[in-house]
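Before any comments, here is the structure.
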Amino acid sequence: MSHIITVENVSKRFGQVAAVDDVSLAIEEGEFFALLGPSGCGKTTLLRMLAGFETPTEGRITLDGKDMAGVPPNRRPVNMVFQSYAVFPHMTVADNIGYGLKVDGLGRAERDARISEALDLVRLTGLGERKPDQLSGGQRQRVALARALAKRPRVLLLDEPLSALDAKLREQMRFELASLQHQVGITFVMVTHDQDEALAMATRCAVMERGRLVQLATPSDLYEFPNSRFVADFIGSVNMIEGRLTTDKPDEAIITTSELGDVFIDHAVLGHTGGTLWLALRPEKIELRVRDAGSPAPKMEDSPQGYNSIAGTIDHIAYLGSESVFEIVLEHLPDKKLRVIRPNLTRWDQEDFAEGQPVWMSWHACAPAVLAG
Amino acid sequence: MSSDRRPLAVTLAPPLFWLLLFFLVPLAVVWAYSFGRNAGLTEIEISGTFANYARTLEPLYLGIFLKSAGVAGLTTLICLVAGFPVALAITFASDRAKTWLLLLVMLPFWTNLLIRTYALIAVLRDEGYVNFTLEWIWARLGSIWTLPPFVPLELLHNNAAVIFGLVYVHLPFMVLPLYSALDRLDRSLIEASLDLGAGQLRTMLRVVVPLALPGIISGIVITFIPALGAYLTPDLLGGPDSQMIANVIERQFKRANDWPFGAALSFILMYLTLIMIAVQAMTEKRKAR
Amino acid sequence: MKRPVKRPVKRPPAGPLEYLRRWPLRLWLLAVFAFLYIPLFTLVAFSFNDSKRNIVWRGFTLDWYGKALTDESLLTAFGNSLTIALLSTIVSVVLGALAAIALWRFRFPGRTLFEGAMALPIVVPEICMGVAMLVFFARVLPWPQNLVWPFNLGAIVISHISFSFPFVAVVVRARLASFNREEEEAARDLGASDWQALRDVLIPHLKPSLIAGALLAFTLSLDDFVITFFTSGPDTITFPVKVYSMVRFSVTPEVNAASTLLLLLTVVLTVVALRFQKPAEIAH
């Protein structure tokens, strides 16, 4: 039995509103699982149902094969790191960590050992006697982590664990959480609205939208092979272009768009010819070349001449140091722009690609994701 | 800050003047009288004597003070026990239910004290509804067994009636601050406790009560102070031995005509009140730190 | 044709914090509210009872209302109470708002002392304040007897203002805390004088608290028995004092009827108050 948690057709309605709508998924032992989605998509409600704070209106949740219906939160082998951390302000750090152990009836010696082990684990060694108000936000979060992990739960639930930290600390904690999970080998289930966070830490992500599960995949699959416009748009930034399928052969397809002309794809597209489709083209998958007057469109090696290149003029540049984000106006459609990301490979790159510079934008036949809806 | 003092004078002067003339001066006069003695029928000579305060320590008055404190304490305790679950339920109710429940708690709070006390009298007196209901049940039972004639329970004019009445009047005083404290509590703390394996009861005792303690203390003080100084309830619901401090004070001013002694009694009551408020403010401050 | 049967949705079991859905707590709540409301309901119900004995239901009547509304002394008392409450409310709102603004806006020597003194009328036991007013109007500022109405109510009105306006000040100050000073500065920047800025920006912001404070002052005045008891004379009886003297003799349906009318007024005032503030806000 490798599924530690299964969620079967679970719905949660608050009055008329379905916060979670017929969601089914299975989480495997040892995973770092992320529930990802915009605010109000039901991810937190789902997490709280796993913890036992909400009861499903319909459906079934099992943990280690046991049905969790009617099992109160204090009887579930899961523990939670709350968004606000919920560190008890009237107890010391050690008492906070020891609280759950004391409740379990552990003896003093065993408790102290587990407390100091947990403190070491989250690198708060020696801060056991502090009160929460003497700690920084990051330290309080570590206390919340230690407190939950000290109970050695089957699953650790994390509700927006990094949202309250500042940018620098957040980056650091991403790595730390991932390595902590590796170290303790406990299944982590994290809720986040931050796609970077989910991509960076999770082994698998479930993307939710308006209560429904829209895609469940590894981070790279979510990014490179989104299954809907919503996922493509939600994860990272994307140029979304509407088109019609005009040629569909077993190993090539052509999609006609007004922005990019005829786009050559090197695989078959499942869709009847003539139907509306969308191309999701990631900004970093577009190559920029300086366009001189009269120079022909560059030919991409995997596409026939005349396809997958388009002329434009740099309208605006956001220089981010490691890379630059360009907004480029199309030559034939001056009110349409494409977004392109280009790493600054040399220290003089920005001189070649300045505002007003005419450019060619090209992409490989495999670069766009073709989406039906 | 503008150097022009005129706006300050215009805003500050009227309330300051009123407070001084119509509140602090009257209190000061009573305070002065508490160090005086009766000289003639209406004359009071402020002689600086402590005799009035000494008299309050006589067993009779000390007893009344202790009894008042006991009655107020018991009232507060009952209100706390009865009110805490109510406050808890309101705190975690849905928004709609919360509005209605709060309204239900507040409406008696805003209803005239005399009307409420009168309603209680109507319920509790010998010919009141409680006794009437009991008599009715008694009569039904009497048709099955032979019973002695019904003797109405004496529910009014005793100490129990005073406590009953004080609880009736002061319950909202307790529920509202408790609700306010519980509502401010971060509920993820309660969830964290449950999540860590503690049951509901342990969560209440180890997490909710310690964190809501300032609110609980303020509820206790807010209930205890008016209960200690209650005049109307013991007067109307109590018996001859149910007198509380306020009744004794009233008697000194209206009937016994011993103003200096009444003044001393009333200032002792005031000092007790202020001490309690100071203690409460201190616990609040310590918590806020 | 078979119509699709709508499956009744079973309510899920109560969540761990849905205390209101646990039966012991529901029972407790029911008991507490029964305790609070049964006396009031019986009081109202028996104001319509066609029996002097006031216990057994003998049929519906409005006689007691007729009696109460033609009882000269009861009506006078009722009128006195409303007049006192109205006058006291007007002055209390002005004084309370001024005090709140002074404490919020300015630093001045003795500010803390003034703040503390303003809290005194709120915490001092009613009986202490009652005797203080008795002594004051007996010895320091004897209120002339036999003045024409409503001036004969002066002593009572003054005492009511004294305990009401600090409450108004508290309500207004709470509201002032949420005032953005930059709004006032913007008004000044746009050319308003100090007073214009006050009138056009600050007062509109304070309006809900002024109304809430007024309702509070009105209720406090209407509700007060003890302090009035010590300041009223034989020809300045208020409704609570009148009921007090009637209750001491006997319990009659006439008092029930008069009380019901006042209860009705309280409910109306409460509903008005709720239009301006949610109960959850008032509770805090």
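Chain lettering (A, B, ...) mirrors the order of the structure tokens, residue numbering begins at 1 for each chain separately, and ligand numbering begins at 1 in order of display.
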ask   = How would you write, as a PyMOL selection string, the set of residues in stretch 131-356 of chain A that DSSP gives as alpha helix (DSSP H)?
value = chain A and resi 137-150+167-184+195-201+219-224+229-234+349-352
Mind writing the picked residues with C-alpha atoms as a PDB file, in the first residue's frame?
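What ended up in part04.pdb:
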ATOM      1  CA  GLY A 137       8.988  35.350  12.298  1.00  0.00           C
ATOM      2  CA  GLY A 138      11.302  32.821  10.722  1.00  0.00           C
ATOM      3  CA  GLN A 139      12.151  31.329  14.108  1.00  0.00           C
ATOM      4  CA  ARG A 140       8.490  31.081  15.034  1.00  0.00           C
ATOM      5  CA  GLN A 141       7.906  29.147  11.891  1.00  0.00           C
ATOM      6  CA  ARG A 142      10.676  26.750  12.845  1.00  0.00           C
ATOM      7  CA  VAL A 143       8.995  26.265  16.212  1.00  0.00           C
ATOM      8  CA  ALA A 144       5.737  25.418  14.459  1.00  0.00           C
ATOM      9  CA  LEU A 145       7.628  22.950  12.274  1.00  0.00           C
ATOM     10  CA  ALA A 146       9.444  21.388  15.197  1.00  0.00           C
ATOM     11  CA  ARG A 147       6.221  21.153  17.186  1.00  0.00           C
ATOM     12  CA  ALA A 148       4.491  19.254  14.407  1.00  0.00           C
ATOM     13  CA  LEU A 149       7.469  17.059  13.537  1.00  0.00           C
ATOM     14  CA  ALA A 150       8.142  16.134  17.171  1.00  0.00           C
ATOM     15  CA  ALA A 167      11.704  37.347   0.066  1.00  0.00           C
ATOM     16  CA  LYS A 168      15.250  36.411   1.047  1.00  0.00           C
ATOM     17  CA  LEU A 169      14.209  34.111   3.881  1.00  0.00           C
ATOM     18  CA  ARG A 170      11.566  32.528   1.685  1.00  0.00           C
ATOM     19  CA  GLU A 171      14.160  31.486  -0.859  1.00  0.00           C
ATOM     20  CA  GLN A 172      16.336  29.984   1.855  1.00  0.00           C
ATOM     21  CA  MET A 173      13.440  28.147   3.504  1.00  0.00           C
ATOM     22  CA  ARG A 174      12.476  26.540   0.203  1.00  0.00           C
ATOM     23  CA  PHE A 175      15.705  24.613   0.167  1.00  0.00           C
ATOM     24  CA  GLU A 176      15.557  23.974   3.869  1.00  0.00           C
ATOM     25  CA  LEU A 177      12.046  22.564   3.823  1.00  0.00           C
ATOM     26  CA  ALA A 178      12.902  20.302   0.911  1.00  0.00           C
ATOM     27  CA  SER A 179      16.017  18.975   2.595  1.00  0.00           C
ATOM     28  CA  LEU A 180      14.190  18.639   5.910  1.00  0.00           C
ATOM     29  CA  GLN A 181      11.607  16.498   4.193  1.00  0.00           C
ATOM     30  CA  HIS A 182      14.378  14.372   2.759  1.00  0.00           C
ATOM     31  CA  GLN A 183      15.954  14.046   6.178  1.00  0.00           C
ATOM     32  CA  VAL A 184      12.854  12.994   8.127  1.00  0.00           C
ATOM     33  CA  GLN A 195       3.780  28.622  -8.189  1.00  0.00           C
ATOM     34  CA  ASP A 196       7.538  29.206  -7.735  1.00  0.00           C
ATOM     35  CA  GLU A 197       7.265  27.697  -4.279  1.00  0.00           C
ATOM     36  CA  ALA A 198       5.410  24.649  -5.526  1.00  0.00           C
ATOM     37  CA  LEU A 199       7.740  24.114  -8.481  1.00  0.00           C
ATOM     38  CA  ALA A 200      10.845  24.504  -6.345  1.00  0.00           C
ATOM     39  CA  MET A 201       9.889  22.123  -3.546  1.00  0.00           C
ATOM     40  CA  PRO A 219       6.463  20.468 -11.584  1.00  0.00           C
ATOM     41  CA  SER A 220       8.226  20.206 -14.943  1.00  0.00           C
ATOM     42  CA  ASP A 221       5.231  18.533 -16.572  1.00  0.00           C
ATOM     43  CA  LEU A 222       2.986  21.280 -15.237  1.00  0.00           C
ATOM     44  CA  TYR A 223       5.218  23.888 -16.762  1.00  0.00           C
ATOM     45  CA  GLU A 224       6.048  22.221 -20.043  1.00  0.00           C
ATOM     46  CA  ARG A 229      -5.147  27.415 -20.641  1.00  0.00           C
ATOM     47  CA  PHE A 230      -5.734  27.945 -16.924  1.00  0.00           C
ATOM     48  CA  VAL A 231      -2.707  25.886 -15.900  1.00  0.00           C
ATOM     49  CA  ALA A 232      -0.493  27.334 -18.638  1.00  0.00           C
ATOM     50  CA  ASP A 233      -1.445  30.819 -17.552  1.00  0.00           C
ATOM     51  CA  PHE A 234      -1.260  30.180 -13.822  1.00  0.00           C
ATOM     52  CA  ASP A 349      23.757  42.100 -24.376  1.00  0.00           C
ATOM     53  CA  GLN A 350      21.576  45.080 -23.543  1.00  0.00           C
ATOM     54  CA  GLU A 351      23.457  47.163 -26.128  1.00  0.00           C
ATOM     55  CA  ASP A 352      22.365  44.837 -28.940  1.00  0.00           C
TER      56      ASP A 352
END
Per residue of chain B within 12 Å of chain A, which atom pair is closest and at what distance in Å (one decimal), using only C-alpha atoms, listed by chain and increasing number, as CSV?
residue,atom,partner,partner_atom,distance
B:Ser94,CA,A:Phe14,CA,10.8
B:Leu185,CA,A:Ala86,CA,10.6
B:Asp186,CA,A:Ala86,CA,7.6
B:Arg187,CA,A:Ala86,CA,8.4
B:Ser188,CA,A:Ala86,CA,5.6
B:Leu189,CA,A:Ala86,CA,4.7
B:Ile190,CA,A:Ala86,CA,8.3
B:Glu191,CA,A:Phe53,CA,7.4
B:Ala192,CA,A:Ala86,CA,6.4
B:Ser193,CA,A:Gly100,CA,7.6
B:Leu194,CA,A:Asn74,CA,4.8
B:Asp195,CA,A:Asn74,CA,5.1
B:Leu196,CA,A:Gly100,CA,4.6
B:Gly197,CA,A:Asn74,CA,3.7
B:Ala198,CA,A:Val103,CA,5.6
B:Gly199,CA,A:Asn74,CA,6.3
B:Gln200,CA,A:Asn74,CA,8.8
B:Leu201,CA,A:Val103,CA,11.7
B:Arg202,CA,A:Val103,CA,8.6
B:Thr203,CA,A:Val103,CA,10.0
B:Arg206,CA,A:Tyr99,CA,9.6
B:Val207,CA,A:Phe88,CA,7.5
B:Val208,CA,A:Phe88,CA,10.1
B:Val209,CA,A:His90,CA,10.8
B:Pro210,CA,A:His90,CA,7.3
B:Leu211,CA,A:His90,CA,7.0
B:Ala212,CA,A:His90,CA,10.7
B:Leu213,CA,A:His90,CA,10.8
B:Lys287,CA,A:His90,CA,9.6
B:Ala288,CA,A:Asp133,CA,11.1
B:Arg289,CA,A:Asp133,CA,9.4
Write out, as a Markdown table, each residue of chain B that has an atom at most 6 Å from chain C, together with the closest pair of atoms and their distance in Å to one decimal, counting only C-alpha atoms, rows going by chain and rising number.
| residue | atom | partner | partner_atom | distance |
| --- | --- | --- | --- | --- |
| B:Thr11 | CA | C:Leu98 | CA | 4.9 |
| B:Leu12 | CA | C:Ala102 | CA | 5.5 |
| B:Pro15 | CA | C:Leu95 | CA | 5.1 |
| B:Pro26 | CA | C:Ala132 | CA | 4.9 |
| B:Leu27 | CA | C:Ala132 | CA | 5.3 |
| B:Val30 | CA | C:Ala132 | CA | 5.9 |
| B:Val86 | CA | C:Leu29 | CA | 5.9 |
| B:Ala89 | CA | C:Leu20 | CA | 5.1 |
| B:Thr99 | CA | C:Pro279 | CA | 5.9 |
| B:Asn112 | CA | C:Asp223 | CA | 4.7 |
| B:Ala119 | CA | C:Pro39 | CA | 5.2 |
| B:Leu120 | CA | C:Pro39 | CA | 5.8 |
| B:Leu176 | CA | C:Ala283 | CA | 5.7 |
| B:Ser180 | CA | C:His284 | CA | 5.3 |
| B:Gly229 | CA | C:Pro125 | CA | 5.7 |
| B:Ser266 | CA | C:Cys128 | CA | 5.4 |
File dump, residues just selected, C-alpha atoms, as a PDB file, in the first residue's frame:
ATOM      1  CA  THR B  11     -12.954  71.509  22.803  1.00  0.00           C
ATOM      2  CA  LEU B  12     -11.575  70.874  26.258  1.00  0.00           C
ATOM      3  CA  PRO B  15     -16.368  68.741  29.203  1.00  0.00           C
ATOM      4  CA  PRO B  26     -20.045  66.312  44.370  1.00  0.00           C
ATOM      5  CA  LEU B  27     -17.659  63.426  45.018  1.00  0.00           C
ATOM      6  CA  VAL B  30     -19.049  63.427  49.975  1.00  0.00           C
ATOM      7  CA  VAL B  86     -22.607  30.910  25.644  1.00  0.00           C
ATOM      8  CA  ALA B  89     -20.861  29.163  21.109  1.00  0.00           C
ATOM      9  CA  THR B  99     -25.666  38.427  14.932  1.00  0.00           C
ATOM     10  CA  ASN B 112     -34.748  48.821  31.833  1.00  0.00           C
ATOM     11  CA  ALA B 119     -40.528  40.685  35.671  1.00  0.00           C
ATOM     12  CA  LEU B 120     -38.575  38.512  38.089  1.00  0.00           C
ATOM     13  CA  LEU B 176     -20.061  40.288  26.150  1.00  0.00           C
ATOM     14  CA  SER B 180     -14.960  39.873  22.826  1.00  0.00           C
ATOM     15  CA  GLY B 229     -22.779  47.978  44.551  1.00  0.00           C
ATOM     16  CA  SER B 266     -19.726  54.945  50.062  1.00  0.00           C
TER      17      SER B 266
END
Identify all chain A residues at most 6 Å from chain C by counting only C-alpha atoms; ligands do not count. Present them as a ChimeraX atom specification.
/A:53-55,57
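All residues of protein, DNA or RNA that reach within 12 Å of B:Gly36, judged by only C-alpha atoms and not counting those fewer than 4 positions away in the chain, are Val29, Val30, Trp31, Ala32, Glu43, Ile44, Glu45, Ile46, Ser47, Gly48, Thr49, Phe50, Ala51, Asn52, Tyr53, Asp258, Trp259, Pro260, Phe261, Gly262, Ala263 and Ala264 of chain B.
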Would you mind exporting the chosen residues as a compact mmCIF listing (two decimals), in the first residue's frame, restricted to C-alpha atoms?
# COMPACT_ATOMS: atom_id res chain seq x y z
CA VAL B 29 -18.10 66.99 49.07
CA VAL B 30 -19.05 63.43 49.98
CA TRP B 31 -15.39 62.68 50.58
CA ALA B 32 -15.15 65.69 52.89
CA GLU B 43 -25.44 70.85 59.87
CA ILE B 44 -22.35 68.78 59.22
CA GLU B 45 -19.10 69.83 60.75
CA ILE B 46 -16.06 68.61 58.86
CA SER B 47 -13.81 67.88 61.77
CA GLY B 48 -11.28 65.59 60.14
CA THR B 49 -12.35 62.67 62.28
CA PHE B 50 -11.82 59.08 61.25
CA ALA B 51 -14.66 57.94 63.47
CA ASN B 52 -16.93 57.18 60.50
CA TYR B 53 -14.35 54.91 58.96
CA ASP B 258 -26.28 60.06 59.12
CA TRP B 259 -24.55 61.53 56.07
CA PRO B 260 -20.97 61.40 57.36
CA PHE B 261 -21.22 57.68 58.03
CA GLY B 262 -22.96 57.08 54.71
CA ALA B 263 -20.22 59.06 53.01
CA ALA B 264 -17.55 56.91 54.63
Worksheet item: B:Val248: which residues within 9 Å, counting only C-alpha atoms, same-chain residues fewer than 5 positions away excluded, as a list in words?
Response: Tyr61, Ile64, Gln243, Phe253, Gly262 and Leu265 of chain B
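From atom CA of B:Ala72 back to atom CA of B:Gly219, the distance works out to 13.1 Å.
Closest approach to B:Ala161 from the set B:Leu62, B:Ile121, B:Ile137, B:Leu178 is made by B:Ile121, with distances taken over only C-alpha atoms.
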Let's see if you can do this: from backbone DSSP, list all strand (DSSP E or B) residues in stretch 114-348 of chain A, as a PyMOL selection string. chain A and resi 155-159+187-192+204-209+212-217+239-249+252-257+261-265+276-281+287-290+309-319+323-330+337-343
re atom CA of A:Val340 and atom CA of A:Phe264: distance 19.0 Å
I want to know what sits within 7 Å of stretch 302-311 of chain A, based on only C-alpha atoms, with residues of the same chain fewer than 2 positions away left out; could you give that as a list in words? Leu260, Asp262, Val263, Phe264, Ala297, Pro298, Lys299, Met300, Leu330, Glu331, Val359, Trp360, Met361, Ser362, Trp363, His364 and Ala365 of chain A
